[in-house]
>>> print(open('coords.txt').read())   # compact mmCIF, C-alpha atoms and all ligand atoms
# COMPACT_ATOMS: atom_id res chain seq x y z
CA MET A 1256 -57.68 245.10 106.73
CA LYS A 1257 -59.77 244.21 103.63
CA LYS A 1258 -57.65 242.86 100.79
CA PRO A 1259 -57.33 245.28 97.83
CA GLU A 1260 -58.61 244.38 94.37
CA ILE A 1261 -55.08 244.24 92.95
CA PRO A 1262 -52.99 241.09 93.49
CA LEU A 1263 -49.92 241.46 95.72
CA ILE A 1264 -47.92 238.84 93.78
CA ILE A 1265 -47.77 238.95 89.97
CA ASN A 1266 -45.71 236.34 88.08
CA GLY A 1267 -43.79 235.52 91.26
CA ARG A 1268 -42.87 239.18 91.90
CA ARG A 1269 -44.17 241.54 94.57
CA ILE A 1270 -45.77 244.95 93.89
CA ASP A 1271 -42.40 246.68 94.28
CA GLY A 1272 -40.72 244.16 91.96
CA ARG A 1273 -39.04 242.13 94.70
CA LEU A 1274 -38.87 238.35 94.88
CA PRO A 1275 -40.54 236.77 97.96
CA ASP A 1276 -37.21 236.37 99.82
CA GLU A 1277 -35.79 239.75 98.81
CA VAL A 1278 -35.16 242.48 101.39
CA ARG A 1279 -35.38 246.17 100.40
CA GLU A 1280 -32.16 248.18 100.21
CA ILE A 1281 -30.88 248.62 103.78
CA LYS A 1282 -28.91 251.71 104.85
CA MET A 1283 -27.40 252.33 108.28
CA SER A 1284 -25.48 255.20 109.83
CA ILE A 1285 -24.41 256.29 113.30
CA GLY A 1286 -23.87 259.55 115.16
CA GLU A 1287 -25.99 262.14 113.37
CA ILE A 1288 -27.67 263.50 116.51
CA LEU A 1289 -24.76 265.24 118.18
CA ASN A 1290 -26.60 266.11 121.41
CA ALA A 1291 -27.34 262.45 122.10
CA ASP A 1292 -24.99 259.95 123.76
CA GLY A 1293 -25.70 257.61 120.85
CA SER A 1294 -27.79 257.76 117.70
CA ALA A 1295 -28.46 255.78 114.55
CA ARG A 1296 -30.46 255.93 111.36
CA VAL A 1297 -31.70 252.78 109.61
CA SER A 1298 -33.76 252.51 106.45
CA PHE A 1299 -35.37 249.62 104.60
CA GLY A 1300 -36.45 251.09 101.26
CA ASN A 1301 -38.84 253.94 102.10
CA THR A 1302 -39.13 253.04 105.78
CA GLU A 1303 -36.70 255.10 107.81
CA ALA A 1304 -36.08 255.25 111.57
CA ILE A 1305 -33.82 257.61 113.47
CA VAL A 1306 -33.09 256.87 117.11
CA ALA A 1307 -31.43 258.91 119.85
CA VAL A 1308 -30.19 257.43 123.12
CA TYR A 1309 -29.49 259.51 126.26
CA GLY A 1310 -27.85 258.03 129.32
CA PRO A 1311 -27.21 256.31 131.57
CA ARG A 1312 -28.14 259.46 133.51
CA ALA A 1313 -29.56 260.15 136.96
CA LEU A 1314 -33.19 259.12 137.32
CA PHE A 1315 -35.67 261.52 138.87
CA PRO A 1316 -37.99 261.50 140.75
CA LYS A 1317 -35.85 259.48 143.12
CA PHE A 1318 -38.59 257.05 144.15
CA LEU A 1319 -38.34 255.53 140.63
CA GLN A 1320 -34.72 254.55 141.27
CA GLU A 1321 -33.85 250.89 141.86
CA THR A 1322 -30.76 250.22 143.94
CA ASP A 1323 -29.66 247.12 142.00
CA VAL A 1324 -30.76 247.82 138.39
CA GLY A 1325 -31.17 250.69 135.97
CA LEU A 1326 -34.28 251.68 134.03
CA VAL A 1327 -34.75 251.65 130.24
CA ARG A 1328 -37.47 253.91 128.77
CA VAL A 1329 -38.49 253.74 125.13
CA ILE A 1330 -40.71 256.14 123.19
CA TYR A 1331 -41.70 255.22 119.62
CA SER A 1332 -43.30 257.92 117.51
CA MET A 1333 -44.18 258.43 113.86
CA SER A 1334 -43.60 261.92 112.48
CA PRO A 1335 -46.68 263.70 111.11
CA PHE A 1336 -44.98 263.79 107.68
CA SER A 1337 -43.92 260.11 107.67
CA VAL A 1338 -47.04 259.00 105.80
CA ASP A 1339 -49.05 260.77 103.06
CA GLU A 1340 -52.08 261.25 105.30
CA ARG A 1341 -50.83 263.46 108.17
CA LYS A 1342 -50.22 261.41 111.30
CA ASN A 1343 -51.44 263.09 114.49
CA PRO A 1344 -48.23 263.47 116.56
CA ALA A 1345 -49.99 262.70 119.86
CA PRO A 1346 -49.26 259.22 121.26
CA ASP A 1347 -51.98 256.79 120.17
CA ARG A 1348 -52.71 253.19 121.18
CA ARG A 1349 -50.45 251.90 118.40
CA SER A 1350 -47.40 253.97 119.38
CA ILE A 1351 -47.88 253.14 123.07
CA GLU A 1352 -47.96 249.44 122.18
CA ILE A 1353 -44.89 249.70 119.92
CA SER A 1354 -42.97 251.63 122.61
CA LYS A 1355 -43.72 248.79 125.04
CA VAL A 1356 -42.85 245.88 122.76
CA THR A 1357 -39.71 247.44 121.27
CA LYS A 1358 -38.54 248.19 124.81
CA GLU A 1359 -38.94 244.51 125.67
CA ALA A 1360 -37.11 243.49 122.49
CA LEU A 1361 -34.13 245.68 123.46
CA SER A 1362 -34.15 245.24 127.25
CA ALA A 1363 -33.37 241.53 126.89
CA ALA A 1364 -29.95 242.53 125.54
CA ILE A 1365 -29.05 245.28 128.03
CA PHE A 1366 -27.04 244.70 131.24
CA ILE A 1367 -29.34 246.87 133.38
CA GLU A 1368 -27.51 245.82 136.54
CA ASP A 1369 -24.53 247.85 135.26
CA PHE A 1370 -26.26 251.22 135.87
CA PRO A 1371 -28.27 251.07 139.11
CA LYS A 1372 -30.36 254.14 140.00
CA ALA A 1373 -29.89 255.51 136.48
CA VAL A 1374 -32.01 255.63 133.33
CA VAL A 1375 -31.37 255.13 129.63
CA ASP A 1376 -33.85 256.95 127.39
CA VAL A 1377 -34.40 255.67 123.85
CA TYR A 1378 -36.33 257.89 121.42
CA GLU A 1379 -37.42 256.04 118.27
CA ASN A 1380 -38.63 258.33 115.50
CA ILE A 1381 -40.05 257.16 112.20
CA ILE A 1382 -39.43 259.82 109.58
CA GLN A 1383 -40.73 257.77 106.64
CA ALA A 1384 -43.18 254.88 106.98
CA ASP A 1385 -43.67 252.20 104.36
CA GLY A 1386 -44.27 249.08 106.42
CA SER A 1387 -42.27 247.29 109.13
CA THR A 1388 -41.48 250.43 111.10
CA ARG A 1389 -41.24 248.72 114.49
CA VAL A 1390 -38.45 246.42 113.30
CA ALA A 1391 -36.61 249.34 111.67
CA ALA A 1392 -36.87 251.14 115.02
CA ILE A 1393 -35.45 248.13 116.91
CA ASN A 1394 -32.49 247.83 114.50
CA ALA A 1395 -31.70 251.54 114.82
CA ALA A 1396 -32.20 251.55 118.60
CA SER A 1397 -29.84 248.63 119.05
CA LEU A 1398 -27.14 250.45 117.04
CA ALA A 1399 -27.78 253.70 118.93
CA LEU A 1400 -27.49 251.91 122.30
CA ALA A 1401 -24.22 250.29 121.25
CA SER A 1402 -22.86 253.61 120.00
CA ALA A 1403 -23.80 255.20 123.35
CA GLY A 1404 -21.60 252.57 125.02
CA ILE A 1405 -24.49 250.90 126.85
CA PRO A 1406 -23.30 247.46 128.00
CA MET A 1407 -25.10 244.81 125.94
CA LYS A 1408 -25.08 241.02 125.65
CA ASP A 1409 -25.44 241.27 121.87
CA LEU A 1410 -26.86 243.57 119.22
CA VAL A 1411 -30.56 243.07 118.52
CA ALA A 1412 -31.49 242.57 114.86
CA ALA A 1413 -35.11 242.55 113.71
CA CYS A 1414 -37.18 241.97 110.59
CA SER A 1415 -40.71 241.31 109.42
CA VAL A 1416 -41.97 238.24 107.56
CA GLY A 1417 -45.45 237.29 106.45
CA LYS A 1418 -47.83 235.76 103.96
CA VAL A 1419 -49.49 237.51 101.00
CA ASP A 1420 -51.45 235.81 98.18
CA ASP A 1421 -50.51 232.44 99.70
CA THR A 1422 -46.78 233.26 99.37
CA LEU A 1423 -44.33 233.55 102.27
CA ILE A 1424 -42.36 236.82 102.06
CA VAL A 1425 -39.77 238.83 104.03
CA ASP A 1426 -39.53 242.56 104.85
CA LEU A 1427 -43.13 243.70 104.23
CA ASN A 1428 -43.73 247.09 102.63
CA GLY A 1429 -46.69 249.29 103.63
CA LYS A 1430 -49.28 247.74 101.29
CA GLU A 1431 -48.15 244.21 102.10
CA ASP A 1432 -48.23 245.07 105.80
CA ASN A 1433 -51.79 246.37 105.59
CA TYR A 1434 -53.26 243.70 103.31
CA SER A 1435 -51.26 240.61 104.31
CA GLU A 1436 -52.98 237.37 105.29
CA SER A 1437 -50.53 237.27 108.15
CA ASP A 1438 -47.43 239.11 109.32
CA MET A 1439 -44.83 238.52 111.98
CA ALA A 1440 -42.27 240.89 113.50
CA VAL A 1441 -39.21 239.13 114.94
CA ALA A 1442 -36.18 240.41 116.85
CA MET A 1443 -33.23 238.34 117.96
CA MET A 1444 -29.75 238.33 119.44
CA PRO A 1445 -28.19 236.54 116.47
CA SER A 1446 -24.91 235.38 118.02
CA LYS A 1447 -26.85 233.79 120.88
CA GLY A 1448 -29.65 232.38 118.70
CA LEU A 1449 -32.19 233.93 121.10
CA ILE A 1450 -35.49 235.52 120.05
CA THR A 1451 -36.20 238.64 122.14
CA PHE A 1452 -39.49 239.64 120.48
CA LEU A 1453 -42.16 238.03 118.33
CA GLN A 1454 -45.54 239.42 117.30
CA MET A 1455 -47.97 237.87 114.87
CA ASP A 1456 -51.16 239.00 113.15
CA GLY A 1457 -53.51 236.83 111.11
CA ARG A 1458 -53.52 233.08 110.62
CA LEU A 1459 -50.68 230.69 109.77
CA THR A 1460 -50.20 226.93 110.00
CA LYS A 1461 -47.52 225.59 112.35
CA GLU A 1462 -45.39 224.67 109.30
CA GLU A 1463 -45.69 228.22 107.94
CA VAL A 1464 -44.68 229.71 111.30
CA LEU A 1465 -41.58 227.50 111.39
CA GLU A 1466 -40.73 228.33 107.76
CA LEU A 1467 -41.16 232.07 108.41
CA LEU A 1468 -39.01 231.89 111.55
CA LYS A 1469 -36.25 230.29 109.47
CA LYS A 1470 -36.51 233.10 106.91
CA ALA A 1471 -36.53 235.72 109.70
CA GLU A 1472 -33.39 234.22 111.22
CA GLU A 1473 -31.57 234.42 107.87
CA VAL A 1474 -32.58 238.06 107.37
CA CYS A 1475 -31.69 239.00 110.99
CA LYS A 1476 -28.23 237.47 110.53
CA ARG A 1477 -27.67 239.66 107.44
CA ILE A 1478 -28.86 242.74 109.33
CA TYR A 1479 -26.57 241.83 112.24
CA GLU A 1480 -23.53 241.71 109.93
CA LEU A 1481 -24.46 245.16 108.57
CA GLN A 1482 -24.90 246.54 112.11
CA LYS A 1483 -21.45 245.28 113.12
CA LYS A 1484 -19.90 246.71 109.93
CA THR A 1485 -21.57 250.09 110.57
CA LEU A 1486 -20.24 250.22 114.15
CA LEU A 1487 -16.74 249.18 113.11
CA GLU A 1488 -16.56 251.77 110.34
CA ARG A 1489 -17.74 254.47 112.73
CA TYR A 1490 -15.04 253.64 115.28
CA LYS A 1491 -12.33 253.39 112.62
CA MET A 1492 -13.36 256.87 111.44
CA GLU A 1493 -13.30 258.28 115.00
CA LYS A 1494 -9.85 256.76 115.61
CA GLU A 1495 -8.49 258.31 112.43
CA GLU A 1496 -9.84 261.70 113.49
CA GLU A 1497 -8.05 261.52 116.88
O1 LIG B 1501 -44.98 249.70 110.90
P1 LIG B 1501 -45.30 248.38 111.53
O2 LIG B 1501 -45.44 247.29 110.49
O3 LIG B 1501 -44.35 247.99 112.61
O4 LIG B 1501 -46.70 248.56 112.26
P2 LIG B 1501 -48.19 248.50 111.69
O5 LIG B 1501 -49.07 249.04 112.75
O6 LIG B 1501 -48.47 247.10 111.20
O7 LIG B 1501 -48.21 249.53 110.49
C1 LIG B 1501 -48.07 249.10 109.17
C2 LIG B 1501 -47.86 250.27 108.25
O8 LIG B 1501 -49.07 251.02 108.14
C3 LIG B 1501 -46.83 251.30 108.69
O9 LIG B 1501 -45.51 250.87 108.48
C4 LIG B 1501 -47.21 252.47 107.82
O10 LIG B 1501 -46.69 252.29 106.51
C5 LIG B 1501 -48.74 252.35 107.80
N1 LIG B 1501 -49.37 253.29 108.76
C6 LIG B 1501 -49.88 254.49 108.27
O11 LIG B 1501 -49.81 254.74 107.07
N2 LIG B 1501 -50.45 255.40 109.13
C7 LIG B 1501 -50.52 255.15 110.47
N3 LIG B 1501 -51.08 256.05 111.29
C8 LIG B 1501 -50.00 253.94 110.97
C9 LIG B 1501 -49.42 253.04 110.09
>>> encode(input="coords.txt", output="structure tokens")
Amino acid sequence: MKKPEIPLIINGRRIDGRLPDEVREIKMSIGEILNADGSARVSFGNTEAIVAVYGPRALFPKFLQETDVGLVRVIYSMSPFSVDERKNPAPDRRSIEISKVTKEALSAAIFIEDFPKAVVDVYENIIQADGSTRVAAINAASLALASAGIPMKDLVAACSVGKVDDTLIVDLNGKEDNYSESDMAVAMMPSKGLITFLQMDGRLTKEEVLELLKKAEEVCKRIYELQKKTLLERYKMEKEEE
């Protein structure tokens, strides 16, 4: 997208006042969608994702069933009211792509051999969009899957990094996302040090890619700690209620 007239970095600060390495306020919660087997809400500043997980449940039609592994389906969608210009709720190329890539980011962590012939459905909904929605969706989906008791190798934590006005930054907001020189979305299984998803737009040198990956790893590790804390608090609360 064409760069706007205004600079994106002024006196070392970003347009929302953050320093280059500063992440927006992160909030996480679990269990709001009572009908679902697992659910979670994650926000980074004004970007907010809510995810519901159903399953494992029987998969129909039967010819889709695999005898040795289960199926994971992911649908990403942005609510019409999530941005100031109404978003058409019909699936578009972008949401079909994000459904596919976020599914891959999550599938790497799921023991699909533990639920043969069954399906796990993951519904990722963006209720407010201000940049980096796909990584917010991955963070919330990973928490929702864990809260649904889906067997996983690790939680998946994700963040965005990029370059604006020649400065390397983390957690891009909407304007930075749209006008960046380059942006990368990264998801990983932090305790295993494995990257499960990486997308990049724009141009970066090899050194910049390595530097941004280092920054992404640091942010993902912080998100991972918050995810674990959120799960623990939820289970402590449930135990107390018993
Ligand atoms: O959200 P994410 O960075 O994962 O994906 P993107 O396609 O790079 O979208 C960047 C941002 O553009 C979104 O986070 C929204 O803030 C904005 N957007 C929008 O305003 N209207 C759309 N129909 C799609 C995206």
>>> closest_atom_pairs(input="coords.txt", of="chain A", to="ligand LIG 1501 (chain B)", cutoff="10 Å", atoms="only C-alpha atoms and all ligand atoms", output="Markdown table")
| residue | atom | partner | partner_atom | distance |
| --- | --- | --- | --- | --- |
| A:Asn1301 | CA | B:LIG1501 | O10 | 9.2 |
| A:Thr1302 | CA | B:LIG1501 | O9 | 7.3 |
| A:Glu1303 | CA | B:LIG1501 | O9 | 9.8 |
| A:Met1333 | CA | B:LIG1501 | N3 | 7.7 |
| A:Ser1334 | CA | B:LIG1501 | N3 | 9.6 |
| A:Pro1335 | CA | B:LIG1501 | N3 | 8.8 |
| A:Ser1337 | CA | B:LIG1501 | O11 | 8.0 |
| A:Val1338 | CA | B:LIG1501 | O11 | 5.2 |
| A:Asp1339 | CA | B:LIG1501 | O11 | 7.3 |
| A:Glu1340 | CA | B:LIG1501 | O11 | 7.1 |
| A:Arg1341 | CA | B:LIG1501 | N3 | 8.0 |
| A:Lys1342 | CA | B:LIG1501 | N3 | 5.4 |
| A:Asn1343 | CA | B:LIG1501 | N3 | 7.7 |
| A:Pro1344 | CA | B:LIG1501 | N3 | 9.5 |
| A:Asp1347 | CA | B:LIG1501 | N3 | 9.0 |
| A:Arg1349 | CA | B:LIG1501 | O5 | 6.5 |
| A:Ser1350 | CA | B:LIG1501 | O5 | 8.4 |
| A:Glu1352 | CA | B:LIG1501 | O5 | 9.5 |
| A:Ile1353 | CA | B:LIG1501 | O3 | 7.5 |
| A:Thr1357 | CA | B:LIG1501 | O3 | 9.8 |
| A:Ile1381 | CA | B:LIG1501 | O1 | 9.0 |
| A:Gln1383 | CA | B:LIG1501 | O10 | 8.1 |
| A:Ala1384 | CA | B:LIG1501 | O10 | 4.4 |
| A:Asp1385 | CA | B:LIG1501 | O10 | 3.7 |
| A:Gly1386 | CA | B:LIG1501 | O9 | 3.0 |
| A:Ser1387 | CA | B:LIG1501 | O2 | 3.4 |
| A:Thr1388 | CA | B:LIG1501 | O1 | 3.6 |
| A:Arg1389 | CA | B:LIG1501 | O3 | 3.7 |
| A:Val1390 | CA | B:LIG1501 | O3 | 6.1 |
| A:Ala1391 | CA | B:LIG1501 | O3 | 7.9 |
| A:Ala1392 | CA | B:LIG1501 | O3 | 8.5 |
| A:Ile1393 | CA | B:LIG1501 | O3 | 9.9 |
| A:Cys1414 | CA | B:LIG1501 | O3 | 9.6 |
| A:Ser1415 | CA | B:LIG1501 | O2 | 7.7 |
| A:Asp1426 | CA | B:LIG1501 | O2 | 9.4 |
| A:Leu1427 | CA | B:LIG1501 | O2 | 7.6 |
| A:Asn1428 | CA | B:LIG1501 | O10 | 7.1 |
| A:Gly1429 | CA | B:LIG1501 | O10 | 4.2 |
| A:Lys1430 | CA | B:LIG1501 | O10 | 7.4 |
| A:Glu1431 | CA | B:LIG1501 | C1 | 8.6 |
| A:Asp1432 | CA | B:LIG1501 | C1 | 5.3 |
| A:Asn1433 | CA | B:LIG1501 | C1 | 5.8 |
| A:Tyr1434 | CA | B:LIG1501 | C1 | 9.5 |
| A:Ser1435 | CA | B:LIG1501 | O6 | 9.9 |
| A:Asp1438 | CA | B:LIG1501 | O6 | 8.3 |
| A:Met1439 | CA | B:LIG1501 | O2 | 8.9 |
| A:Ala1440 | CA | B:LIG1501 | O3 | 7.5 |
| A:Gln1454 | CA | B:LIG1501 | O3 | 9.8 |
| A:Met1455 | CA | B:LIG1501 | O6 | 9.9 |
| A:Asp1456 | CA | B:LIG1501 | O6 | 8.8 |
>>> closest_residue(input="coords.txt", among="A:Asp1271, A:Glu1287, A:Glu1495, A:Asp1369", to="Pro1311 (chain A)", atoms="all atoms listed in the file")
A:Asp1369
>>> residues_near_point(input="coords.txt", point="(-34.5, 255.7, 120.7)", cutoff="12 Å", atoms="only C-alpha atoms", output="NGL selection string")
:A and (1288 or 1291-1297 or 1304-1310 or 1327-1332 or 1354 or 1357-1358 or 1361 or 1375-1381 or 1389 or 1391-1403)
>>> closest_residue(input="coords.txt", among="A:Ile1424, A:Ser1446, A:Ser1362, A:Val1374", to="Lys1483 (chain A)", atoms="all atoms listed in the file")
A:Ser1446
>>> atom_distance(input="coords.txt", atom1="CA of Pro1316 (chain A)", atom2="CA of Ile1365 (chain A)")
22.5 Å
>>> residues_around(input="coords.txt", residues="region 1318-1325 of chain A", least_positions_apart="2", cutoff="6 Å", atoms="only C-alpha atoms", output="VMD selection string")
chain A and resid 1316 1367 to 1368 1370 to 1374
>>> closest_residue(input="coords.txt", among="A:Ser1298, A:Ala1364, A:Met1283, A:Lys1317", to="Ile1382 (chain A)", atoms="only C-alpha atoms")
A:Ser1298
>>> atom_distance(input="coords.txt", atom1="CA of Lys1282 (chain A)", atom2="CA of Leu1263 (chain A)")
25.1 Å
>>> residues_around(input="coords.txt", residues="Leu1423 (chain A)", least_positions_apart="6", cutoff="8 Å", atoms="all atoms listed in the file", output="list in words")
Pro1275, Val1416, Gly1417, Glu1463 and Leu1467 of chain A
>>> atom_distance(input="coords.txt", atom1="CA of Ile1285 (chain A)", atom2="CA of Lys1470 (chain A)")
26.9 Å
>>> closest_residue(input="coords.txt", among="A:Leu1481, A:Val1356, A:Ile1405, A:Arg1458", to="Ala1442 (chain A)", atoms="only C-alpha atoms")
A:Val1356
>>> build_atoms(input="coords.txt", residues="region 1416-1450 of chain A", atoms="N, CA and C atoms", output="PDB file, in the coordinates of the input")
ATOM      1  N   VAL A1416     -41.695 239.296 108.545  1.00  0.00           N
ATOM      2  CA  VAL A1416     -41.970 238.240 107.560  1.00  0.00           C
ATOM      3  C   VAL A1416     -43.485 238.083 107.518  1.00  0.00           C
ATOM      4  N   GLY A1417     -43.992 237.440 106.485  1.00  0.00           N
ATOM      5  CA  GLY A1417     -45.450 237.290 106.450  1.00  0.00           C
ATOM      6  C   GLY A1417     -45.916 236.488 105.259  1.00  0.00           C
ATOM      7  N   LYS A1418     -47.235 236.536 105.042  1.00  0.00           N
ATOM      8  CA  LYS A1418     -47.830 235.760 103.960  1.00  0.00           C
ATOM      9  C   LYS A1418     -48.793 236.658 103.182  1.00  0.00           C
ATOM     10  N   VAL A1419     -48.545 236.789 101.862  1.00  0.00           N
ATOM     11  CA  VAL A1419     -49.490 237.510 101.000  1.00  0.00           C
ATOM     12  C   VAL A1419     -49.799 236.625  99.802  1.00  0.00           C
ATOM     13  N   ASP A1420     -51.028 236.650  99.326  1.00  0.00           N
ATOM     14  CA  ASP A1420     -51.450 235.810  98.180  1.00  0.00           C
ATOM     15  C   ASP A1420     -50.881 234.395  98.299  1.00  0.00           C
ATOM     16  N   ASP A1421     -50.977 233.815  99.478  1.00  0.00           N
ATOM     17  CA  ASP A1421     -50.510 232.440  99.700  1.00  0.00           C
ATOM     18  C   ASP A1421     -49.002 232.244  99.554  1.00  0.00           C
ATOM     19  N   THR A1422     -48.244 233.334  99.549  1.00  0.00           N
ATOM     20  CA  THR A1422     -46.780 233.260  99.370  1.00  0.00           C
ATOM     21  C   THR A1422     -46.098 233.796 100.627  1.00  0.00           C
ATOM     22  N   LEU A1423     -45.073 233.091 101.087  1.00  0.00           N
ATOM     23  CA  LEU A1423     -44.330 233.550 102.270  1.00  0.00           C
ATOM     24  C   LEU A1423     -43.281 234.574 101.820  1.00  0.00           C
ATOM     25  N   ILE A1424     -43.256 235.728 102.484  1.00  0.00           N
ATOM     26  CA  ILE A1424     -42.360 236.820 102.060  1.00  0.00           C
ATOM     27  C   ILE A1424     -41.594 237.384 103.263  1.00  0.00           C
ATOM     28  N   VAL A1425     -40.533 238.158 102.959  1.00  0.00           N
ATOM     29  CA  VAL A1425     -39.770 238.830 104.030  1.00  0.00           C
ATOM     30  C   VAL A1425     -39.824 240.335 103.819  1.00  0.00           C
ATOM     31  N   ASP A1426     -39.618 241.093 104.889  1.00  0.00           N
ATOM     32  CA  ASP A1426     -39.530 242.560 104.850  1.00  0.00           C
ATOM     33  C   ASP A1426     -40.741 243.189 104.142  1.00  0.00           C
ATOM     34  N   LEU A1427     -41.874 243.211 104.817  1.00  0.00           N
ATOM     35  CA  LEU A1427     -43.130 243.700 104.230  1.00  0.00           C
ATOM     36  C   LEU A1427     -43.118 245.212 104.031  1.00  0.00           C
ATOM     37  N   ASN A1428     -43.549 245.647 102.838  1.00  0.00           N
ATOM     38  CA  ASN A1428     -43.730 247.090 102.630  1.00  0.00           C
ATOM     39  C   ASN A1428     -45.112 247.498 103.142  1.00  0.00           C
ATOM     40  N   GLY A1429     -45.447 248.788 103.044  1.00  0.00           N
ATOM     41  CA  GLY A1429     -46.690 249.290 103.630  1.00  0.00           C
ATOM     42  C   GLY A1429     -47.944 248.572 103.156  1.00  0.00           C
ATOM     43  N   LYS A1430     -48.070 248.391 101.826  1.00  0.00           N
ATOM     44  CA  LYS A1430     -49.280 247.740 101.290  1.00  0.00           C
ATOM     45  C   LYS A1430     -49.328 246.285 101.739  1.00  0.00           C
ATOM     46  N   GLU A1431     -48.175 245.615 101.677  1.00  0.00           N
ATOM     47  CA  GLU A1431     -48.150 244.210 102.100  1.00  0.00           C
ATOM     48  C   GLU A1431     -48.492 244.097 103.580  1.00  0.00           C
ATOM     49  N   ASP A1432     -47.976 245.043 104.362  1.00  0.00           N
ATOM     50  CA  ASP A1432     -48.230 245.070 105.800  1.00  0.00           C
ATOM     51  C   ASP A1432     -49.732 245.200 106.070  1.00  0.00           C
ATOM     52  N   ASN A1433     -50.375 246.099 105.338  1.00  0.00           N
ATOM     53  CA  ASN A1433     -51.790 246.370 105.590  1.00  0.00           C
ATOM     54  C   ASN A1433     -52.730 245.306 105.038  1.00  0.00           C
ATOM     55  N   TYR A1434     -52.336 244.651 103.940  1.00  0.00           N
ATOM     56  CA  TYR A1434     -53.260 243.700 103.310  1.00  0.00           C
ATOM     57  C   TYR A1434     -52.785 242.250 103.398  1.00  0.00           C
ATOM     58  N   SER A1435     -51.786 241.976 104.235  1.00  0.00           N
ATOM     59  CA  SER A1435     -51.260 240.610 104.310  1.00  0.00           C
ATOM     60  C   SER A1435     -52.283 239.666 104.942  1.00  0.00           C
ATOM     61  N   GLU A1436     -52.157 238.370 104.598  1.00  0.00           N
ATOM     62  CA  GLU A1436     -52.980 237.370 105.290  1.00  0.00           C
ATOM     63  C   GLU A1436     -52.448 237.201 106.707  1.00  0.00           C
ATOM     64  N   SER A1437     -51.145 237.367 106.827  1.00  0.00           N
ATOM     65  CA  SER A1437     -50.530 237.270 108.150  1.00  0.00           C
ATOM     66  C   SER A1437     -49.184 237.965 108.127  1.00  0.00           C
ATOM     67  N   ASP A1438     -48.783 238.578 109.259  1.00  0.00           N
ATOM     68  CA  ASP A1438     -47.430 239.110 109.320  1.00  0.00           C
ATOM     69  C   ASP A1438     -46.843 238.919 110.715  1.00  0.00           C
ATOM     70  N   MET A1439     -45.536 238.757 110.721  1.00  0.00           N
ATOM     71  CA  MET A1439     -44.830 238.520 111.980  1.00  0.00           C
ATOM     72  C   MET A1439     -43.666 239.499 112.076  1.00  0.00           C
ATOM     73  N   ALA A1440     -43.454 240.066 113.261  1.00  0.00           N
ATOM     74  CA  ALA A1440     -42.270 240.890 113.500  1.00  0.00           C
ATOM     75  C   ALA A1440     -41.394 240.103 114.478  1.00  0.00           C
ATOM     76  N   VAL A1441     -40.117 239.968 114.135  1.00  0.00           N
ATOM     77  CA  VAL A1441     -39.210 239.130 114.940  1.00  0.00           C
ATOM     78  C   VAL A1441     -37.946 239.912 115.254  1.00  0.00           C
ATOM     79  N   ALA A1442     -37.483 239.832 116.514  1.00  0.00           N
ATOM     80  CA  ALA A1442     -36.180 240.410 116.850  1.00  0.00           C
ATOM     81  C   ALA A1442     -35.359 239.333 117.544  1.00  0.00           C
ATOM     82  N   MET A1443     -34.069 239.339 117.293  1.00  0.00           N
ATOM     83  CA  MET A1443     -33.230 238.340 117.960  1.00  0.00           C
ATOM     84  C   MET A1443     -31.827 238.851 118.287  1.00  0.00           C
ATOM     85  N   MET A1444     -31.174 238.095 119.183  1.00  0.00           N
ATOM     86  CA  MET A1444     -29.750 238.330 119.440  1.00  0.00           C
ATOM     87  C   MET A1444     -29.054 237.243 118.625  1.00  0.00           C
ATOM     88  N   PRO A1445     -28.622 237.577 117.411  1.00  0.00           N
ATOM     89  CA  PRO A1445     -28.190 236.540 116.470  1.00  0.00           C
ATOM     90  C   PRO A1445     -27.049 235.656 116.965  1.00  0.00           C
ATOM     91  N   SER A1446     -26.044 236.233 117.656  1.00  0.00           N
ATOM     92  CA  SER A1446     -24.910 235.380 118.020  1.00  0.00           C
ATOM     93  C   SER A1446     -25.301 234.403 119.127  1.00  0.00           C
ATOM     94  N   LYS A1447     -26.401 234.690 119.829  1.00  0.00           N
ATOM     95  CA  LYS A1447     -26.850 233.790 120.880  1.00  0.00           C
ATOM     96  C   LYS A1447     -27.992 232.882 120.400  1.00  0.00           C
ATOM     97  N   GLY A1448     -28.521 233.166 119.219  1.00  0.00           N
ATOM     98  CA  GLY A1448     -29.650 232.380 118.700  1.00  0.00           C
ATOM     99  C   GLY A1448     -30.899 232.548 119.556  1.00  0.00           C
ATOM    100  N   LEU A1449     -31.043 233.724 120.214  1.00  0.00           N
ATOM    101  CA  LEU A1449     -32.190 233.930 121.100  1.00  0.00           C
ATOM    102  C   LEU A1449     -33.170 234.935 120.494  1.00  0.00           C
ATOM    103  N   ILE A1450     -34.454 234.590 120.516  1.00  0.00           N
ATOM    104  CA  ILE A1450     -35.490 235.520 120.050  1.00  0.00           C
ATOM    105  C   ILE A1450     -35.880 236.410 121.225  1.00  0.00           C
TER     106      ILE A1450
END
